[in-house]
$ cat structure-v2.txt   # compact mmCIF, C-alpha atoms
# COMPACT_ATOMS: atom_id res chain seq x y z
CA MET A 16 8.00 -11.15 -3.29
CA ASP A 17 9.24 -7.91 -1.81
CA SER A 18 9.67 -7.28 1.87
CA PRO A 19 8.29 -4.14 3.49
CA ALA A 20 9.46 -2.49 6.66
CA ASN A 21 8.00 -5.14 8.90
CA GLY A 22 10.09 -7.87 7.28
CA HIS A 23 7.16 -9.84 5.85
CA PRO A 24 7.02 -10.51 2.10
CA ARG A 25 4.41 -8.49 0.28
CA THR A 26 1.67 -10.51 -1.38
CA PRO A 27 1.22 -9.90 -5.16
CA TYR A 28 -1.66 -7.60 -6.09
CA ARG A 29 -3.82 -10.23 -7.79
CA ARG A 30 -3.54 -12.56 -4.82
CA ARG A 31 -4.39 -9.72 -2.44
CA LEU A 32 -7.46 -8.87 -4.54
CA LEU A 33 -8.76 -12.43 -4.87
CA GLY A 34 -7.59 -13.76 -1.52
CA ARG A 35 -8.37 -10.81 0.72
CA ARG A 36 -10.67 -8.19 -0.73
CA LEU A 37 -13.28 -10.32 -2.54
CA PRO A 38 -13.88 -12.76 0.36
CA VAL A 39 -14.31 -9.83 2.75
CA LEU A 40 -16.73 -8.05 0.40
CA LEU A 41 -18.80 -11.19 -0.19
CA GLY A 42 -18.81 -12.02 3.52
CA ALA A 43 -19.93 -8.50 4.42
CA ALA A 44 -22.71 -8.59 1.82
CA LEU A 45 -23.93 -11.96 3.13
CA VAL A 46 -23.97 -10.76 6.76
CA LEU A 47 -25.84 -7.56 5.83
CA ALA A 48 -28.33 -9.56 3.78
CA LEU A 49 -29.03 -11.88 6.72
CA LEU A 50 -29.28 -9.07 9.28
CA GLY A 51 -31.22 -6.72 6.99
CA PRO A 52 -30.20 -3.39 8.57
CA PHE A 53 -31.76 0.01 7.75
CA GLY A 54 -35.20 -1.52 7.25
CA THR A 55 -34.22 -3.91 4.47
CA PHE A 56 -35.15 -6.96 6.58
CA ALA A 57 -38.80 -5.93 6.78
CA ASP A 58 -39.17 -4.57 3.26
CA LEU A 59 -37.20 -7.07 1.17
CA THR A 60 -37.09 -10.85 0.82
CA LEU A 61 -33.83 -12.71 1.48
CA ALA A 62 -33.15 -13.00 -2.27
CA GLN A 63 -33.81 -9.29 -2.73
CA ARG A 64 -31.57 -8.43 0.22
CA LEU A 65 -28.77 -10.56 -1.23
CA GLY A 66 -29.05 -8.75 -4.55
CA TYR A 67 -29.33 -5.38 -2.81
CA TRP A 68 -26.28 -5.76 -0.57
CA ILE A 69 -24.07 -7.67 -3.02
CA GLY A 70 -24.73 -4.98 -5.61
CA LEU A 71 -24.01 -2.08 -3.25
CA ILE A 72 -20.98 -3.66 -1.57
CA GLY A 73 -19.60 -4.77 -4.94
CA LEU A 74 -20.06 -1.33 -6.48
CA GLY A 75 -18.52 0.36 -3.45
CA GLY A 76 -15.60 -2.07 -3.44
CA PHE A 77 -14.99 -1.47 -7.14
CA ALA A 78 -14.99 2.31 -6.63
CA PHE A 79 -12.67 1.94 -3.61
CA GLU A 80 -10.26 -0.19 -5.65
CA LEU A 81 -10.14 2.26 -8.56
CA LEU A 82 -9.56 5.24 -6.30
CA THR A 83 -6.82 3.55 -4.28
CA LEU A 84 -5.03 2.53 -7.49
CA ALA A 85 -5.30 6.11 -8.75
CA ALA A 86 -3.96 7.38 -5.43
CA GLY A 87 -0.97 5.03 -5.68
CA HIS A 88 1.10 7.68 -7.49
CA ARG A 89 0.88 10.00 -4.49
CA LEU A 90 1.88 7.19 -2.14
CA ARG A 91 4.87 6.33 -4.32
CA GLU A 92 6.17 9.89 -4.01
CA ARG A 93 5.01 10.64 -0.46
CA ALA A 94 4.58 7.47 1.57
CA GLY A 95 3.93 9.57 4.68
CA ALA A 96 0.73 10.93 3.12
CA TRP A 97 -1.10 7.60 3.32
CA ARG A 98 -3.45 8.74 6.13
CA ALA A 99 -4.74 11.75 4.19
CA THR A 100 -4.92 9.68 1.00
CA LEU A 101 -6.89 6.92 2.69
CA ALA A 102 -9.29 9.41 4.31
CA GLY A 103 -9.84 11.06 0.94
CA VAL A 104 -10.60 7.71 -0.71
CA VAL A 105 -13.07 6.70 2.02
CA LEU A 106 -14.93 10.04 1.90
CA THR A 107 -15.05 10.08 -1.90
CA VAL A 108 -16.40 6.52 -2.08
CA ALA A 109 -18.94 7.33 0.66
CA ALA A 110 -20.15 10.40 -1.20
CA LEU A 111 -20.60 8.46 -4.46
CA MET A 112 -22.33 5.57 -2.71
CA THR A 113 -24.60 7.93 -0.75
CA LEU A 114 -26.04 9.29 -3.99
CA THR A 115 -26.30 5.75 -5.40
CA VAL A 116 -28.15 4.46 -2.33
CA ALA A 117 -30.47 7.49 -2.31
CA LEU A 118 -31.50 6.82 -5.90
CA LEU A 119 -31.85 3.08 -5.26
CA GLU A 120 -33.97 3.60 -2.14
CA ARG A 121 -36.33 5.94 -3.97
CA THR A 122 -36.70 3.39 -6.79
CA LEU A 123 -37.07 0.23 -4.68
CA ARG A 124 -38.78 1.40 -1.51
CA GLY A 125 -40.08 4.88 -2.32
CA MET A 126 -37.90 6.50 0.36
CA ASP A 127 -36.82 10.08 -0.34
CA PHE A 128 -33.27 10.83 0.81
CA LEU A 129 -32.62 13.38 -1.96
CA ARG A 130 -32.68 16.37 0.34
CA PRO A 131 -29.88 17.88 2.49
CA LEU A 132 -30.82 16.29 5.82
CA GLY A 133 -31.66 12.95 4.21
CA LEU A 134 -28.38 12.83 2.32
CA ALA A 135 -26.43 13.82 5.44
CA GLU A 136 -28.07 11.02 7.46
CA LEU A 137 -27.49 8.52 4.69
CA PHE A 138 -23.86 9.64 4.32
CA VAL A 139 -23.15 8.77 7.96
CA TYR A 140 -24.54 5.25 7.48
CA VAL A 141 -22.57 4.75 4.27
CA VAL A 142 -19.31 5.91 5.91
CA LEU A 143 -19.86 3.42 8.75
CA VAL A 144 -20.48 0.53 6.35
CA THR A 145 -17.48 1.55 4.22
CA LEU A 146 -15.19 1.60 7.26
CA LEU A 147 -16.44 -1.76 8.54
CA VAL A 148 -16.10 -3.49 5.16
CA SER A 149 -12.69 -2.02 4.28
CA ALA A 150 -11.03 -2.20 7.72
CA ILE A 151 -9.41 -5.65 7.40
CA PRO A 152 -8.20 -5.39 3.76
CA VAL A 153 -6.84 -1.88 4.35
CA TRP A 154 -5.05 -2.93 7.54
CA LEU A 155 -3.43 -5.87 5.72
CA GLU A 156 -2.41 -3.63 2.82
CA LEU A 157 -0.84 -1.03 5.11
CA ARG A 158 0.99 -3.76 6.99
CA ASP A 159 2.31 -5.19 3.72
CA ARG A 160 3.57 -1.77 2.68
CA GLY A 161 5.35 -1.30 6.00
CA LEU A 162 3.30 1.82 6.78
CA LEU A 163 2.11 0.69 10.21
CA ALA A 164 4.34 1.60 13.11
CA GLY A 165 5.52 -0.89 15.66
CA PRO A 166 8.01 -3.78 15.64
CA THR A 167 7.04 -7.36 14.95
CA PRO A 168 8.43 -10.44 16.68
CA SER A 169 10.57 -11.27 13.64
CA SER A 170 12.14 -7.80 13.67
CA SER A 171 12.73 -7.35 17.39
CA PRO A 172 16.26 -6.29 18.38
CA ALA A 173 16.77 -9.45 20.43
CA GLU A 174 16.23 -11.67 17.39
CA ARG A 175 17.61 -9.42 14.65
CA PRO A 176 20.67 -7.44 15.74
CA GLU A 177 21.35 -4.17 13.97
CA PRO A 178 23.51 -4.58 10.84
CA ALA A 179 27.09 -3.45 11.42
CA PHE A 180 26.97 -0.88 8.62
CA LEU A 181 24.32 1.20 10.38
CA ALA A 182 26.84 2.03 13.10
CA ARG A 183 28.87 3.88 10.47
CA LEU A 184 26.04 6.32 9.75
CA PRO A 185 26.33 9.81 11.29
CA ALA A 186 23.81 10.31 14.11
CA ARG A 187 22.07 13.09 12.15
CA LEU A 188 21.07 10.59 9.44
CA GLY A 189 19.26 8.23 11.80
CA ARG A 190 18.98 4.51 11.04
CA ASP A 191 16.26 4.44 8.35
CA LEU A 192 18.57 3.39 5.51
CA LEU A 193 17.01 3.68 2.06
CA ALA A 194 19.84 3.04 -0.39
CA LEU A 195 23.58 2.95 -1.03
CA GLU A 196 25.25 4.53 -4.04
CA MET A 197 28.85 4.03 -5.14
CA GLU A 198 30.89 7.21 -5.74
CA ASP A 199 34.52 6.50 -6.66
CA HIS A 200 36.11 4.97 -3.55
CA TYR A 201 33.18 6.03 -1.36
CA VAL A 202 29.67 4.83 -0.64
CA ARG A 203 26.95 7.45 -0.36
CA ALA A 204 24.37 6.31 2.20
CA HIS A 205 20.86 7.67 1.68
CA THR A 206 18.50 7.68 4.67
CA ALA A 207 15.13 9.27 5.34
CA GLU A 208 17.01 12.20 6.89
CA GLY A 209 19.59 12.86 4.17
CA SER A 210 22.82 11.41 2.79
CA ASP A 211 26.56 11.30 3.46
CA LEU A 212 29.73 9.72 2.09
CA ILE A 213 31.45 6.81 3.83
CA LEU A 214 34.92 5.66 2.81
CA MET A 215 34.50 1.99 1.87
CA ARG A 216 33.66 -0.21 -1.11
CA LEU A 217 30.04 -0.89 -2.01
CA ARG A 218 30.45 -4.67 -1.80
CA ASP A 219 31.91 -4.35 1.72
CA ALA A 220 29.02 -2.11 2.78
CA ILE A 221 26.51 -4.63 1.43
CA ALA A 222 28.26 -7.41 3.36
CA GLU A 223 27.81 -5.38 6.56
CA LEU A 224 24.08 -5.07 5.88
CA ALA A 225 23.42 -8.79 6.43
CA GLY A 226 20.02 -9.14 8.09
CA LEU A 227 18.54 -6.01 6.50
CA GLU A 228 16.06 -6.77 3.69
CA GLY A 229 17.33 -5.36 0.42
CA MET A 230 19.37 -6.13 -2.68
CA GLN A 231 21.87 -4.75 -5.14
CA VAL A 232 19.95 -3.52 -8.19
CA HIS A 233 22.79 -2.00 -10.18
CA ARG A 234 26.58 -2.09 -10.28
CA SER A 235 26.53 1.17 -8.29
CA HIS A 236 23.33 0.86 -6.23
CA TRP A 237 21.90 -1.15 -3.34
CA VAL A 238 18.29 -0.55 -2.16
CA ALA A 239 16.45 -1.48 1.05
CA ALA A 240 13.20 -3.36 0.44
CA ALA A 241 11.27 -1.08 2.78
CA ALA A 242 12.44 1.98 0.83
CA VAL A 243 10.75 1.00 -2.45
CA ALA A 244 7.49 2.88 -2.89
CA GLY A 245 6.95 2.20 -6.58
CA VAL A 246 8.44 1.11 -9.90
CA GLU A 247 8.44 2.74 -13.32
CA ARG A 248 9.14 1.02 -16.62
CA LYS A 249 11.02 3.02 -19.21
CA PRO A 250 10.17 2.71 -22.94
CA ASP A 251 13.17 0.44 -23.43
CA GLY A 252 11.85 -1.94 -20.76
CA LYS A 253 14.33 -1.01 -18.04
CA LEU A 254 13.04 -0.56 -14.49
CA VAL A 255 13.47 2.47 -12.25
CA LEU A 256 12.77 2.15 -8.53
CA ILE A 257 10.99 5.06 -6.84
CA LEU A 258 12.03 5.34 -3.19
CA ARG A 259 10.00 6.73 -0.31
CA ASN A 260 11.91 10.01 -0.41
CA GLY A 261 11.24 10.42 -4.14
CA ARG A 262 14.72 9.32 -5.20
CA ARG A 263 14.92 7.33 -8.44
CA VAL A 264 17.28 4.35 -8.68
CA PRO A 265 17.99 2.56 -12.00
CA VAL A 266 17.84 -1.23 -12.23
CA SER A 267 20.37 -2.76 -14.59
CA ARG A 268 19.42 -5.67 -16.82
CA ARG A 269 21.72 -7.91 -14.80
CA TYR A 270 19.57 -7.48 -11.68
CA ALA A 271 16.15 -6.99 -13.31
CA ALA A 272 15.16 -10.66 -12.98
CA ALA A 273 15.97 -10.65 -9.24
CA VAL A 274 13.94 -7.47 -8.75
CA ARG A 275 10.94 -9.02 -10.51
CA GLU A 276 11.31 -12.29 -8.62
CA ALA A 277 11.31 -10.36 -5.34
CA GLY A 278 7.98 -8.79 -6.36
CA TRP A 279 9.27 -5.22 -6.37
CA ALA A 280 8.05 -4.69 -9.93
CA GLU A 281 4.46 -5.03 -8.65
CA LYS A 282 4.75 -1.96 -6.41
CA THR A 283 2.53 0.24 -8.51
CA GLY A 284 -0.19 1.16 -5.95
CA LEU A 285 -2.57 -0.30 -3.18

$ encode --input "structure-v2.txt" --output "structure tokens"
Amino acid sequence: MDSPANGHPRTPYRRRLLGRRLPVLLGAALVLALLGPFGTFADLTLAQRLGYWIGLIGLGGFAFELLTLAAGHRLRERAGAWRATLAGVVLTVAALMTLTVALLERTLRGMDFLRPLGLAELFVYVVLVTLLVSAIPVWLELRDRGLLAGPTPSSSPAERPEPAFLARLPARLGRDLLALEMEDHYVRAHTAEGSDLILMRLRDAIAELAGLEGMQVHRSHWVAAAAVAGVERKPDGKLVLILRNGRRVPVSRRYAAAVREAGWAEKTGL
């Protein structure tokens, strides 16, 4: 499995879906069915409430999943845009579910929300439910992707000293190392702030990066785990890593198995 910026391995997509999202959705539907908010407790039986909330939460979760997968391309190219992307997904799902609930309420309970004020009121409720249901899975996903700021105990300076190679980087490049690239007798270091050449061999530079999650993916390239935002597969089956800054790094066949074993090949979206 791959390791994001926080140093924790990223859970494969299928396991995240079955182990995180579905239990949360089912749990939320069960709680809402028992509590019966928005008048459903008085108007519907327990069995009807279960069907009502499982259907709505399931439909909303399905729409949320499809939209986040579709938005994955933007996150692969611009990891910093995750806040706007997430807000857009939440509002789009809420708008779709508002219309769905309005039609369902008119059919089941004869309540008319299909007017501007009714839809606006219903939209607020739907946004609140969407945020409550998606909060935990989204937080876990953002943490896995290394998009949440703040150090963790396993990555604190006291426990994990800075790799020696980072001291070689010019101050203007910062310390957010994305990749290394061999150029003749030099190593070109790519960071979030830019790149520069350092006179040393690639294998020596990699040795000085002990403690920083990453791997050599090509005879001429080393990549930090936290830098990988996505992966593309070429027609011939070869992999190309898409870094957070949009840079593309080829994966040679020699290292392809290690890349897949690390889970990087699954970085195709939320």

$ atom_distance --input "structure-v2.txt" --atom1 "CA of Leu155 (chain A)" --atom2 "CA of Asn260 (chain A)"
22.9 Å

$ closest_atom_pairs --input "structure-v2.txt" --of "region 209-258 of chain A" --to "region 186-190 of chain A" --cutoff "10 Å" --atoms "all atoms listed in the file" --output "Markdown table"
| residue | atom | partner | partner_atom | distance |
| --- | --- | --- | --- | --- |
| A:Gly209 | CA | A:Leu188 | CA | 5.9 |
| A:Ser210 | CA | A:Leu188 | CA | 6.9 |
| A:Asp211 | CA | A:Leu188 | CA | 8.1 |

$ closest_residue --input "structure-v2.txt" --among "A:Leu132, A:Leu181, A:Leu111, A:Leu37" --to "Ala225 (chain A)" --atoms "only C-alpha atoms"
A:Leu181

$ atom_distance --input "structure-v2.txt" --atom1 "CA of Glu196 (chain A)" --atom2 "CA of Pro250 (chain A)"
24.2 Å

$ atom_distance --input "structure-v2.txt" --atom1 "CA of Arg183 (chain A)" --atom2 "CA of Leu258 (chain A)"
21.7 Å

$ residues_around --input "structure-v2.txt" --residues "region 40-43 of chain A" --least-positions-apart "2" --cutoff "10 Å" --atoms "only C-alpha atoms" --output "MDAnalysis selection string"
chainID A and resid 35:38 45:49 68:69 72:73 75:76 144 147:149 152

$ closest_residue --input "structure-v2.txt" --among "A:Thr206, A:Thr107, A:Thr55, A:Thr83" --to "Asp191 (chain A)" --atoms "only C-alpha atoms"
A:Thr206

$ residues_around --input "structure-v2.txt" --residues "Val108 (chain A)" --least-positions-apart "2" --cutoff "9 Å" --atoms "only C-alpha atoms" --output "NGL selection string"
:A and (75-76 or 78-79 or 82 or 103-106 or 110-113 or 142 or 145)

$ build_atoms --input "structure-v2.txt" --residues "region 205-227 of chain A" --atoms "N, CA, C and O atoms" --output "compact mmCIF listing (two decimals), in the frame of the given file"
# COMPACT_ATOMS: atom_id res chain seq x y z
N HIS A 205 22.08 6.85 1.69
CA HIS A 205 20.86 7.67 1.68
C HIS A 205 19.90 7.16 2.75
O HIS A 205 19.55 5.97 2.76
N THR A 206 19.49 8.03 3.66
CA THR A 206 18.50 7.68 4.67
C THR A 206 17.31 8.61 4.54
O THR A 206 17.32 9.53 3.70
N ALA A 207 16.31 8.40 5.37
CA ALA A 207 15.13 9.27 5.34
C ALA A 207 15.47 10.69 5.75
O ALA A 207 14.71 11.62 5.46
N GLU A 208 16.62 10.88 6.40
CA GLU A 208 17.01 12.20 6.89
C GLU A 208 18.01 12.91 6.00
O GLU A 208 18.30 14.09 6.22
N GLY A 209 18.60 12.22 5.03
CA GLY A 209 19.59 12.86 4.17
C GLY A 209 20.60 11.85 3.66
O GLY A 209 20.32 10.65 3.60
N SER A 210 21.79 12.32 3.31
CA SER A 210 22.82 11.41 2.79
C SER A 210 24.20 11.89 3.21
O SER A 210 24.40 13.05 3.55
N ASP A 211 25.18 10.96 3.14
CA ASP A 211 26.56 11.30 3.46
C ASP A 211 27.47 10.24 2.85
O ASP A 211 27.03 9.12 2.55
N LEU A 212 28.74 10.62 2.67
CA LEU A 212 29.73 9.72 2.09
C LEU A 212 30.47 8.95 3.18
O LEU A 212 30.80 9.51 4.23
N ILE A 213 30.71 7.66 2.91
CA ILE A 213 31.45 6.81 3.83
C ILE A 213 32.55 6.13 3.02
O ILE A 213 32.30 5.57 1.95
N LEU A 214 33.78 6.20 3.53
CA LEU A 214 34.92 5.66 2.81
C LEU A 214 34.96 4.14 2.94
O LEU A 214 35.43 3.58 3.94
N MET A 215 34.44 3.44 1.94
CA MET A 215 34.50 1.99 1.87
C MET A 215 33.94 1.55 0.52
O MET A 215 33.29 2.34 -0.19
N ARG A 216 34.18 0.30 0.15
CA ARG A 216 33.66 -0.21 -1.11
C ARG A 216 32.20 -0.63 -0.95
O ARG A 216 31.79 -1.04 0.15
N LEU A 217 31.46 -0.54 -2.04
CA LEU A 217 30.04 -0.89 -2.01
C LEU A 217 29.84 -2.34 -1.59
O LEU A 217 28.97 -2.63 -0.76
N ARG A 218 30.64 -3.25 -2.13
CA ARG A 218 30.45 -4.67 -1.80
C ARG A 218 30.72 -4.94 -0.32
O ARG A 218 30.08 -5.80 0.30
N ASP A 219 31.65 -4.19 0.29
CA ASP A 219 31.91 -4.35 1.72
C ASP A 219 30.74 -3.81 2.55
O ASP A 219 30.37 -4.38 3.58
N ALA A 220 30.18 -2.69 2.09
CA ALA A 220 29.02 -2.11 2.78
C ALA A 220 27.83 -3.06 2.74
O ALA A 220 27.13 -3.26 3.74
N ILE A 221 27.61 -3.68 1.57
CA ILE A 221 26.51 -4.63 1.43
C ILE A 221 26.72 -5.83 2.35
O ILE A 221 25.78 -6.33 2.97
N ALA A 222 27.96 -6.28 2.47
CA ALA A 222 28.26 -7.41 3.36
C ALA A 222 27.92 -7.07 4.80
O ALA A 222 27.49 -7.93 5.58
N GLU A 223 28.10 -5.80 5.19
CA GLU A 223 27.81 -5.38 6.56
C GLU A 223 26.32 -5.15 6.79
O GLU A 223 25.92 -4.84 7.91
N LEU A 224 25.53 -5.26 5.74
CA LEU A 224 24.08 -5.07 5.88
C LEU A 224 23.34 -6.39 6.00
O LEU A 224 22.12 -6.44 5.85
N ALA A 225 24.05 -7.48 6.26
CA ALA A 225 23.42 -8.79 6.43
C ALA A 225 22.33 -8.70 7.50
O ALA A 225 22.55 -8.19 8.60
N GLY A 226 21.15 -9.19 7.16
CA GLY A 226 20.02 -9.14 8.09
C GLY A 226 19.04 -8.03 7.76
O GLY A 226 17.91 -8.05 8.25
N LEU A 227 19.45 -7.08 6.91
CA LEU A 227 18.54 -6.01 6.50
C LEU A 227 18.00 -6.35 5.11
O LEU A 227 18.77 -6.58 4.17
